Amino acid sequence: TRMYEALRAVVREGRIVRDEETLDLFSQDVFCEGVRAAYIVRPGSVEELQSVVRLANDQGVAIIPRGGAMSYTSGIVPAREGSIVIDMGGLNQVLSVNAQDMTVTVEAGCTWASLHEALQGSGLRTPYWGTLSGLKATVGGSISQNSIFWGSSQYGTAADNVLGMEVVLADGRLLSTGAGSQRNSHSFMRQFGPDLTGLFTCDCSAFGVKARITLRLVPVKPCRRYVSVSFNSFAQQGEAMCAVSRSELASETCGFDPFLQAQRMRRESLAKDVKALAGVMKSAGGIGKALKEGARVALAGRNFIDKQDWSLHLLIEDYSEAGADYREQQLKKLVTDTGGKLVENTIPKVLGAHPFGPVNNMVGPEGERWVPVHALVPHSKAQAVYEITEAVFERHREAIKRFDIGVGYLLATVSTTVFVLEPVFFWPDELKALHRESVESAHLKNLRCFEENLPARAAVTAIREELVLAYEELGASHLQLGKAYRYQQGLRDEPRALISELKRTLDPKGIMNPGVLGFGAN
């Protein structure tokens, strides 16, 4: 076709894919399937990326940038016929590590695991250093969608830690943000006048395609401690997590309800236990300490938390052993004062030893489909968001039972101000191409296969949509807005008008990821 020949003229041989199997794979995320893409293009340079975007704009063809595809809100799936999915995996390099200026610059398709590996031995890392799916998830995807976990309890979200970017606009121009927007400077601080960097974070690529991203660096804190606690109720655990967040003593916080705790215990194999144990021992430092830590983890086994209890897991970092000890003791007092019971700290130790493990958790322990929904709220609304969620579940109790839908909670905090509630769903349903591509093949072989289950999937969709509406009424914020969360509907009139005007200015033909942030797909 004419478009195919035009694409061949601007990218190198082998960087355009049109076979149906790959098109199907690149037209879905963890939960959703969009309109099948017409082309997948994998630019090998920023110049090729600019040429592809410019060509699409000239032809009025939609483009959808795609990173690791670990999201679940339709933010990376096509909404229009004839769309081009831009596979950012060809732009995956760590471009520079500047220890003097304390910055690192990467191409947007670089994974968090690759960045982590590149910084090993330097004594440096980015403050926020990745999501749990960082083996696949990319820096560019996280900045476009936003993400949390590693470092979030102290340093905030992925978007909070960006110094500057180079962004390809809809007409193919390359825009620099932050201090790098000056003619005689480069990215070393985020602000130079209005925060243009912030404009292109969390935009789901509605305003531009990230090409290069500069993040700040901080020294690695070498001394670590781990604390695990169990609680009798969400009320206790929520109160404790908010107190931990306000204290700024933990680098990461992670909590589970009894159902999700049981799911995690069921899904791991004996072989995985041995691998996790080896990782814990390797990361302990010193053979004596390694043997001691290994023995404690082995003896704890999997029955260290009562089945009916909620659990909280804290990771602690400091520059000195005395500082780490102080943080640990203060956190233990804080969580026990709110009704917690200290238990074996196996889970945070294993997480710390394997920060970017396989993404096998994107399916249930028997191969069920999995999808979350989430709400970020101030600490004052933590109990309310839980009660609202429980009320929605109660209204759908019959469907949950009929379709064998498992529901649970993942809990977290961000910096000193944010509580995160993430309801998760498991249900028997057919796995899609993305699951088969992402989950380890050896793990897939041990899973039970389910047939397509559209009624159960529709029930999960209905519950999630009702939760989204309820969270809007509460004034919750969200990560990875995509097409699932009601961004513009929840805005006041003035910011909604401004965001619409920005879209018209930056993307007048509406080719940049149509449908996200509430902008029309047509």
# chains A, B, ... in the order shown; residues from 1 in each chain; ligands from 1
$ residues_around --residues "Ala62 in chain A" --least-positions-apart "3" --cutoff "8 Å" --atoms "only C-alpha atoms" --output "JSON, numbers by chain"
{"A": [56, 57, 80, 82, 83, 84, 510, 511, 512, 513, 514]}
$ residues_around --residues "range 131-134 of chain A" --least-positions-apart "2" --cutoff "12 Å" --atoms "only C-alpha atoms" --output "NGL selection string"
:A and (67-71 or 109-117 or 128-129 or 136-143 or 145-152 or 156-158 or 252 or 254 or 351-352 or 354-362 or 438-439)
$ write_last_selection --atoms "C-alpha atoms" --output "compact mmCIF listing (two decimals), in the first residue's frame"
# COMPACT_ATOMS: atom_id res chain seq x y z
CA GLY A 67 6.72 0.29 25.72
CA GLY A 68 6.60 -2.88 27.82
CA ALA A 69 2.80 -3.21 27.52
CA MET A 70 2.36 -3.92 31.24
CA SER A 71 -0.60 -1.53 31.61
CA GLY A 109 12.36 2.30 25.45
CA CYS A 110 14.96 1.45 28.10
CA THR A 111 13.53 -0.86 30.78
CA TRP A 112 13.91 -0.14 34.47
CA ALA A 113 15.78 -3.43 34.85
CA SER A 114 18.28 -2.38 32.17
CA LEU A 115 18.81 0.99 33.83
CA HIS A 116 19.28 -0.71 37.21
CA GLU A 117 21.87 -3.05 35.70
CA TYR A 128 12.40 6.26 42.04
CA TRP A 129 13.94 3.26 40.34
CA LYS A 136 9.43 -5.38 30.88
CA ALA A 137 8.17 -1.89 31.80
CA THR A 138 10.06 0.99 30.21
CA VAL A 139 11.11 4.37 31.55
CA GLY A 140 9.16 6.12 28.78
CA GLY A 141 6.03 4.10 29.48
CA SER A 142 6.26 4.88 33.18
CA ILE A 143 6.66 8.60 32.51
CA GLN A 145 1.46 6.54 32.31
CA ASN A 146 3.12 7.13 35.71
CA SER A 147 4.03 4.28 38.06
CA ILE A 148 5.07 3.53 41.63
CA PHE A 149 6.97 1.11 43.80
CA TRP A 150 10.77 1.08 44.14
CA GLY A 151 11.64 4.22 46.10
CA SER A 152 8.09 5.59 45.99
CA GLY A 156 7.24 9.74 44.93
CA THR A 157 6.15 8.50 41.51
CA ALA A 158 8.08 8.01 38.29
CA GLU A 252 8.90 1.02 50.14
CA CYS A 254 3.44 -2.95 50.37
CA LEU A 351 11.33 -8.61 47.02
CA GLY A 352 14.54 -6.78 47.84
CA HIS A 354 14.76 -9.83 43.25
CA PRO A 355 13.51 -6.31 42.45
CA PHE A 356 12.78 -7.09 38.80
CA GLY A 357 11.68 -10.69 38.64
CA PRO A 358 9.62 -12.37 35.91
CA VAL A 359 6.15 -10.92 35.37
CA ASN A 360 4.41 -14.23 36.08
CA ASN A 361 2.13 -12.46 38.56
CA MET A 362 0.16 -11.02 35.63
CA SER A 438 5.21 -12.14 28.78
CA VAL A 439 4.90 -15.01 31.27
$ closest_residue --among "A:Val414, A:Ala99, A:Leu260, A:Leu7" --to "Ser153 in chain A" --atoms "only C-alpha atoms"
A:Val414
$ residues_around --residues "Ala456 in chain A" --least-positions-apart "3" --cutoff "12 Å" --atoms "only C-alpha atoms" --output "compact mmCIF listing (two decimals) with all heavy atoms, in the first residue's frame"
# COMPACT_ATOMS: atom_id res chain seq x y z
N GLU A 368 -5.49 -18.04 35.93
CA GLU A 368 -6.64 -17.15 35.80
C GLU A 368 -6.19 -15.81 35.20
O GLU A 368 -5.05 -15.40 35.31
CB GLU A 368 -7.27 -16.88 37.17
CG GLU A 368 -7.74 -18.12 37.91
CD GLU A 368 -6.70 -18.63 38.89
OE1 GLU A 368 -5.48 -18.39 38.67
OE2 GLU A 368 -7.09 -19.28 39.87
N ARG A 369 -7.15 -15.13 34.58
CA ARG A 369 -6.89 -13.76 34.15
C ARG A 369 -6.82 -12.88 35.40
O ARG A 369 -7.45 -13.16 36.43
CB ARG A 369 -8.00 -13.28 33.22
CG ARG A 369 -7.97 -13.90 31.84
CD ARG A 369 -6.87 -13.34 30.94
NE ARG A 369 -7.05 -11.93 30.66
CZ ARG A 369 -7.83 -11.46 29.67
NH1 ARG A 369 -8.49 -12.29 28.89
NH2 ARG A 369 -7.92 -10.16 29.47
N TRP A 370 -6.09 -11.79 35.28
CA TRP A 370 -5.87 -10.87 36.40
C TRP A 370 -5.96 -9.44 35.89
O TRP A 370 -5.48 -9.13 34.80
CB TRP A 370 -4.49 -11.13 36.98
CG TRP A 370 -3.90 -10.03 37.85
CD1 TRP A 370 -4.01 -9.92 39.19
CD2 TRP A 370 -3.09 -8.93 37.43
NE1 TRP A 370 -3.34 -8.80 39.65
CE2 TRP A 370 -2.76 -8.18 38.58
CE3 TRP A 370 -2.62 -8.49 36.19
CZ2 TRP A 370 -1.98 -7.02 38.52
CZ3 TRP A 370 -1.84 -7.33 36.13
CH2 TRP A 370 -1.53 -6.61 37.28
N GLU A 398 -23.44 -11.38 44.02
CA GLU A 398 -24.01 -12.53 43.30
C GLU A 398 -23.18 -12.87 42.06
O GLU A 398 -22.86 -14.03 41.80
CB GLU A 398 -25.45 -12.23 42.90
CG GLU A 398 -26.14 -13.40 42.19
CD GLU A 398 -27.56 -13.06 41.76
OE1 GLU A 398 -28.14 -12.09 42.29
OE2 GLU A 398 -28.09 -13.78 40.88
N ALA A 399 -22.81 -11.84 41.27
CA ALA A 399 -21.99 -12.08 40.07
C ALA A 399 -20.59 -12.58 40.44
O ALA A 399 -20.04 -13.45 39.76
CB ALA A 399 -21.90 -10.80 39.26
N ILE A 400 -20.04 -12.05 41.51
CA ILE A 400 -18.71 -12.48 41.96
C ILE A 400 -18.73 -13.97 42.28
O ILE A 400 -17.82 -14.73 41.91
CB ILE A 400 -18.26 -11.64 43.17
CG1 ILE A 400 -17.90 -10.21 42.72
CG2 ILE A 400 -17.07 -12.28 43.88
CD1 ILE A 400 -17.65 -9.25 43.86
N LYS A 401 -19.80 -14.41 42.94
CA LYS A 401 -19.92 -15.83 43.29
C LYS A 401 -20.23 -16.67 42.05
O LYS A 401 -19.62 -17.73 41.84
CB LYS A 401 -21.03 -16.00 44.33
CG LYS A 401 -21.19 -17.43 44.80
CD LYS A 401 -22.26 -17.53 45.90
CE LYS A 401 -22.41 -18.96 46.37
NZ LYS A 401 -23.46 -19.06 47.44
N ARG A 402 -21.14 -16.21 41.20
CA ARG A 402 -21.56 -16.98 40.03
C ARG A 402 -20.40 -17.23 39.08
O ARG A 402 -20.25 -18.32 38.53
CB ARG A 402 -22.69 -16.26 39.31
CG ARG A 402 -23.25 -17.08 38.12
CD ARG A 402 -24.16 -16.24 37.24
NE ARG A 402 -24.93 -15.28 38.00
CZ ARG A 402 -25.28 -14.08 37.55
NH1 ARG A 402 -24.90 -13.70 36.33
NH2 ARG A 402 -25.98 -13.25 38.29
N PHE A 403 -19.56 -16.22 38.87
CA PHE A 403 -18.49 -16.34 37.89
C PHE A 403 -17.13 -16.68 38.52
O PHE A 403 -16.11 -16.63 37.84
CB PHE A 403 -18.38 -15.05 37.08
CG PHE A 403 -19.60 -14.76 36.26
CD1 PHE A 403 -20.37 -13.64 36.52
CD2 PHE A 403 -19.99 -15.62 35.24
CE1 PHE A 403 -21.50 -13.36 35.77
CE2 PHE A 403 -21.12 -15.36 34.48
CZ PHE A 403 -21.88 -14.22 34.74
N ASP A 404 -17.15 -17.02 39.81
CA ASP A 404 -15.92 -17.45 40.50
C ASP A 404 -14.83 -16.39 40.38
O ASP A 404 -13.68 -16.68 40.03
CB ASP A 404 -15.43 -18.78 39.92
CG ASP A 404 -14.40 -19.45 40.81
OD1 ASP A 404 -14.33 -19.11 42.01
OD2 ASP A 404 -13.63 -20.29 40.30
N ILE A 405 -15.21 -15.15 40.66
CA ILE A 405 -14.28 -14.03 40.59
C ILE A 405 -13.64 -13.83 41.97
O ILE A 405 -14.33 -13.63 42.97
CB ILE A 405 -14.99 -12.72 40.17
CG1 ILE A 405 -15.64 -12.90 38.79
CG2 ILE A 405 -14.02 -11.55 40.15
CD1 ILE A 405 -16.58 -11.76 38.41
N GLY A 406 -12.33 -13.92 42.01
CA GLY A 406 -11.61 -13.64 43.25
C GLY A 406 -11.28 -12.16 43.32
O GLY A 406 -10.85 -11.57 42.33
N PHE A 425 -8.59 -8.39 40.62
CA PHE A 425 -9.58 -9.40 40.24
C PHE A 425 -8.88 -10.59 39.60
O PHE A 425 -7.97 -10.42 38.77
CB PHE A 425 -10.57 -8.82 39.24
CG PHE A 425 -11.33 -7.62 39.73
CD1 PHE A 425 -10.78 -6.35 39.66
CD2 PHE A 425 -12.60 -7.75 40.28
CE1 PHE A 425 -11.48 -5.24 40.11
CE2 PHE A 425 -13.31 -6.65 40.73
CZ PHE A 425 -12.74 -5.39 40.65
N PHE A 426 -9.31 -11.78 39.94
CA PHE A 426 -8.88 -13.02 39.28
C PHE A 426 -10.14 -13.76 38.84
O PHE A 426 -11.09 -13.87 39.62
CB PHE A 426 -8.09 -13.92 40.24
CG PHE A 426 -6.82 -13.31 40.78
CD1 PHE A 426 -6.85 -12.51 41.91
CD2 PHE A 426 -5.60 -13.56 40.16
CE1 PHE A 426 -5.68 -11.96 42.42
CE2 PHE A 426 -4.43 -13.02 40.67
CZ PHE A 426 -4.47 -12.22 41.79
N TRP A 427 -10.14 -14.29 37.63
CA TRP A 427 -11.31 -15.04 37.17
C TRP A 427 -10.87 -16.02 36.09
O TRP A 427 -9.90 -15.80 35.36
CB TRP A 427 -12.39 -14.10 36.66
CG TRP A 427 -12.12 -13.46 35.33
CD1 TRP A 427 -12.60 -13.85 34.11
CD2 TRP A 427 -11.26 -12.33 35.07
NE1 TRP A 427 -12.12 -13.03 33.12
CE2 TRP A 427 -11.30 -12.09 33.69
CE3 TRP A 427 -10.48 -11.51 35.88
CZ2 TRP A 427 -10.57 -11.06 33.10
CZ3 TRP A 427 -9.76 -10.48 35.30
CH2 TRP A 427 -9.82 -10.27 33.92
N PRO A 428 -11.57 -17.14 35.98
CA PRO A 428 -11.23 -18.14 34.96
C PRO A 428 -11.58 -17.63 33.57
O PRO A 428 -12.75 -17.31 33.29
CB PRO A 428 -12.09 -19.36 35.34
CG PRO A 428 -13.22 -18.79 36.15
CD PRO A 428 -12.69 -17.58 36.84
N ASP A 429 -10.57 -17.52 32.71
CA ASP A 429 -10.78 -16.97 31.37
C ASP A 429 -9.55 -17.31 30.53
O ASP A 429 -8.46 -17.61 31.04
CB ASP A 429 -10.97 -15.45 31.46
CG ASP A 429 -11.60 -14.84 30.21
OD1 ASP A 429 -11.81 -15.57 29.22
OD2 ASP A 429 -11.87 -13.61 30.23
N GLU A 430 -9.73 -17.22 29.24
CA GLU A 430 -8.66 -17.54 28.30
C GLU A 430 -7.53 -16.51 28.38
O GLU A 430 -7.78 -15.30 28.44
CB GLU A 430 -9.25 -17.55 26.88
CG GLU A 430 -8.25 -17.81 25.78
CD GLU A 430 -8.89 -17.65 24.41
OE1 GLU A 430 -9.68 -16.70 24.22
OE2 GLU A 430 -8.61 -18.49 23.54
N PHE A 450 -7.84 -22.22 30.82
CA PHE A 450 -9.28 -21.96 30.87
C PHE A 450 -9.77 -21.56 29.50
O PHE A 450 -9.03 -21.00 28.69
CB PHE A 450 -9.58 -20.83 31.86
CG PHE A 450 -9.26 -21.16 33.30
CD1 PHE A 450 -8.04 -20.78 33.85
CD2 PHE A 450 -10.16 -21.86 34.08
CE1 PHE A 450 -7.73 -21.07 35.17
CE2 PHE A 450 -9.86 -22.16 35.40
CZ PHE A 450 -8.65 -21.77 35.95
N GLU A 451 -11.02 -21.86 29.24
CA GLU A 451 -11.64 -21.44 27.99
C GLU A 451 -12.09 -19.99 28.10
O GLU A 451 -12.22 -19.43 29.19
CB GLU A 451 -12.83 -22.34 27.66
CG GLU A 451 -12.44 -23.78 27.39
CD GLU A 451 -13.64 -24.64 27.03
OE1 GLU A 451 -14.78 -24.10 27.08
OE2 GLU A 451 -13.45 -25.81 26.70
N GLU A 452 -12.34 -19.38 26.93
CA GLU A 452 -12.83 -18.00 26.91
C GLU A 452 -14.09 -17.89 27.75
O GLU A 452 -14.99 -18.72 27.65
CB GLU A 452 -13.11 -17.58 25.48
CG GLU A 452 -13.52 -16.12 25.35
CD GLU A 452 -13.73 -15.72 23.90
OE1 GLU A 452 -14.64 -16.28 23.26
OE2 GLU A 452 -12.98 -14.85 23.42
N ASN A 453 -14.17 -16.85 28.57
CA ASN A 453 -15.27 -16.69 29.50
C ASN A 453 -15.76 -15.24 29.44
O ASN A 453 -15.48 -14.42 30.30
CB ASN A 453 -14.80 -17.04 30.92
CG ASN A 453 -15.95 -17.17 31.91
OD1 ASN A 453 -17.06 -16.71 31.65
ND2 ASN A 453 -15.68 -17.77 33.05
N ALA A 459 -18.54 -9.18 33.66
CA ALA A 459 -18.84 -8.87 35.06
C ALA A 459 -17.70 -8.10 35.71
O ALA A 459 -17.92 -7.12 36.44
CB ALA A 459 -19.13 -10.16 35.83
N VAL A 460 -16.46 -8.53 35.45
CA VAL A 460 -15.29 -7.82 35.98
C VAL A 460 -15.26 -6.40 35.44
O VAL A 460 -15.01 -5.43 36.17
CB VAL A 460 -13.99 -8.57 35.63
CG1 VAL A 460 -12.77 -7.72 35.96
CG2 VAL A 460 -13.92 -9.90 36.37
N THR A 461 -15.52 -6.25 34.15
CA THR A 461 -15.53 -4.93 33.53
C THR A 461 -16.57 -4.02 34.19
O THR A 461 -16.29 -2.85 34.48
CB THR A 461 -15.83 -5.05 32.02
OG1 THR A 461 -14.81 -5.84 31.40
CG2 THR A 461 -15.86 -3.68 31.36
N ALA A 462 -17.75 -4.55 34.44
CA ALA A 462 -18.82 -3.76 35.06
C ALA A 462 -18.44 -3.32 36.47
O ALA A 462 -18.69 -2.17 36.87
CB ALA A 462 -20.11 -4.56 35.08
N ILE A 463 -17.83 -4.22 37.24
CA ILE A 463 -17.42 -3.87 38.61
C ILE A 463 -16.35 -2.79 38.58
O ILE A 463 -16.39 -1.81 39.33
CB ILE A 463 -16.93 -5.11 39.36
CG1 ILE A 463 -18.05 -6.15 39.48
CG2 ILE A 463 -16.44 -4.72 40.76
CD1 ILE A 463 -17.58 -7.51 39.98
$ atom_distance --atom1 "CA of Glu465 in chain A" --atom2 "CA of Arg492 in chain A"
21.2 Å
$ residues_around --residues "range 165-170 of chain A" --least-positions-apart "5" --cutoff "6 Å" --atoms "only C-alpha atoms" --output "MDAnalysis selection string"
chainID A and resid 175:177 208:213 507
$ residues_around --residues "Pro378 in chain A" --least-positions-apart "6" --cutoff "8 Å" --atoms "only C-alpha atoms" --output "list in words"
Thr417, Val418 and Phe419 of chain A
$ write_last_selection --atoms "C-alpha atoms" --output "compact mmCIF listing (two decimals), in the first residue's frame"
# COMPACT_ATOMS: atom_id res chain seq x y z
CA THR A 417 0.91 12.31 51.30
CA VAL A 418 -0.69 9.45 49.34
CA PHE A 419 -2.44 6.18 50.25
$ residues_around --residues "Gly408 in chain A" --least-positions-apart "2" --cutoff "10 Å" --atoms "only C-alpha atoms" --output "ChimeraX atom specification"
/A:256-263,372,406,410,422-426
$ atom_distance --atom1 "CA of Tyr471 in chain A" --atom2 "CA of Gly518 in chain A"
16.5 Å
$ atom_distance --atom1 "CA of Leu334 in chain A" --atom2 "CA of Ala384 in chain A"
22.2 Å
$ select_by_dssp --residues "range 43-284 of chain A" --states "alpha helix (DSSP H)" --output "PyMOL selection string"
chain A and resi 46-59+112-119+139-145+152-155+196-199+234-247+258-267+270-284
$ closest_residue --among "A:Ala324, A:Leu199, A:Val94, A:Val218" --to "Arg125 in chain A" --atoms "only C-alpha atoms"
A:Val218
$ closest_residue --among "A:Asp171, A:Glu107, A:Glu81, A:Glu48" --to "Thr505 in chain A" --atoms "only C-alpha atoms"
A:Asp171
$ decode --residues "range 236-251 of chain A" --atoms "N, CA, C and O atoms" --output "mmCIF file, in the first residue's frame"
data_model
loop_
_atom_site.group_PDB
_atom_site.id
_atom_site.type_symbol
_atom_site.label_atom_id
_atom_site.label_comp_id
_atom_site.auth_asym_id
_atom_site.auth_seq_id
_atom_site.Cartn_x
_atom_site.Cartn_y
_atom_site.Cartn_z
ATOM 1 N N GLN A 236 -6.979 -1.218 60.948
ATOM 2 C CA GLN A 236 -5.682 -1.187 61.621
ATOM 3 C C GLN A 236 -4.549 -0.985 60.623
ATOM 4 O O GLN A 236 -3.651 -0.155 60.827
ATOM 5 N N GLN A 237 -4.576 -1.766 59.565
ATOM 6 C CA GLN A 237 -3.478 -1.706 58.594
ATOM 7 C C GLN A 237 -3.442 -0.356 57.892
ATOM 8 O O GLN A 237 -2.360 0.216 57.680
ATOM 9 N N GLY A 238 -4.591 0.159 57.492
ATOM 10 C CA GLY A 238 -4.628 1.454 56.835
ATOM 11 C C GLY A 238 -4.085 2.553 57.724
ATOM 12 O O GLY A 238 -3.308 3.417 57.277
ATOM 13 N N GLU A 239 -4.467 2.538 58.994
ATOM 14 C CA GLU A 239 -3.959 3.541 59.939
ATOM 15 C C GLU A 239 -2.445 3.430 60.066
ATOM 16 O O GLU A 239 -1.730 4.442 60.062
ATOM 17 N N ALA A 240 -1.940 2.203 60.150
ATOM 18 C CA ALA A 240 -0.497 1.999 60.283
ATOM 19 C C ALA A 240 0.251 2.462 59.036
ATOM 20 O O ALA A 240 1.298 3.119 59.127
ATOM 21 N N MET A 241 -0.283 2.149 57.861
ATOM 22 C CA MET A 241 0.400 2.534 56.624
ATOM 23 C C MET A 241 0.451 4.046 56.455
ATOM 24 O O MET A 241 1.471 4.597 56.006
ATOM 25 N N CYS A 242 -0.619 4.717 56.812
ATOM 26 C CA CYS A 242 -0.615 6.177 56.717
ATOM 27 C C CYS A 242 0.391 6.774 57.697
ATOM 28 O O CYS A 242 1.089 7.748 57.370
ATOM 29 N N ALA A 243 0.487 6.192 58.879
ATOM 30 C CA ALA A 243 1.471 6.671 59.853
ATOM 31 C C ALA A 243 2.894 6.426 59.347
ATOM 32 O O ALA A 243 3.776 7.283 59.502
ATOM 33 N N VAL A 244 3.133 5.270 58.745
ATOM 34 C CA VAL A 244 4.441 4.978 58.167
ATOM 35 C C VAL A 244 4.770 5.978 57.065
ATOM 36 O O VAL A 244 5.889 6.499 56.972
ATOM 37 N N SER A 245 3.793 6.264 56.227
ATOM 38 C CA SER A 245 4.001 7.212 55.137
ATOM 39 C C SER A 245 4.386 8.586 55.671
ATOM 40 O O SER A 245 5.348 9.207 55.199
ATOM 41 N N ARG A 246 3.661 9.060 56.671
ATOM 42 C CA ARG A 246 3.954 10.377 57.234
ATOM 43 C C ARG A 246 5.327 10.427 57.895
ATOM 44 O O ARG A 246 5.965 11.470 57.923
ATOM 45 N N SER A 247 5.797 9.295 58.394
ATOM 46 C CA SER A 247 7.078 9.264 59.103
ATOM 47 C C SER A 247 8.278 9.348 58.176
ATOM 48 O O SER A 247 9.370 9.719 58.600
ATOM 49 N N GLU A 248 8.119 8.954 56.910
ATOM 50 C CA GLU A 248 9.190 8.926 55.911
ATOM 51 C C GLU A 248 10.349 8.011 56.335
ATOM 52 O O GLU A 248 11.505 8.221 55.956
ATOM 53 N N LEU A 249 10.041 6.968 57.090
ATOM 54 C CA LEU A 249 11.075 6.053 57.575
ATOM 55 C C LEU A 249 11.313 4.880 56.638
ATOM 56 O O LEU A 249 12.381 4.267 56.672
ATOM 57 N N ALA A 250 10.332 4.527 55.809
ATOM 58 C CA ALA A 250 10.448 3.376 54.913
ATOM 59 C C ALA A 250 10.700 3.843 53.490
ATOM 60 O O ALA A 250 10.215 4.904 53.071
ATOM 61 N N SER A 251 11.451 3.054 52.730
ATOM 62 C CA SER A 251 11.665 3.376 51.318
ATOM 63 C C SER A 251 10.576 2.779 50.442
ATOM 64 O O SER A 251 10.247 3.331 49.393
#
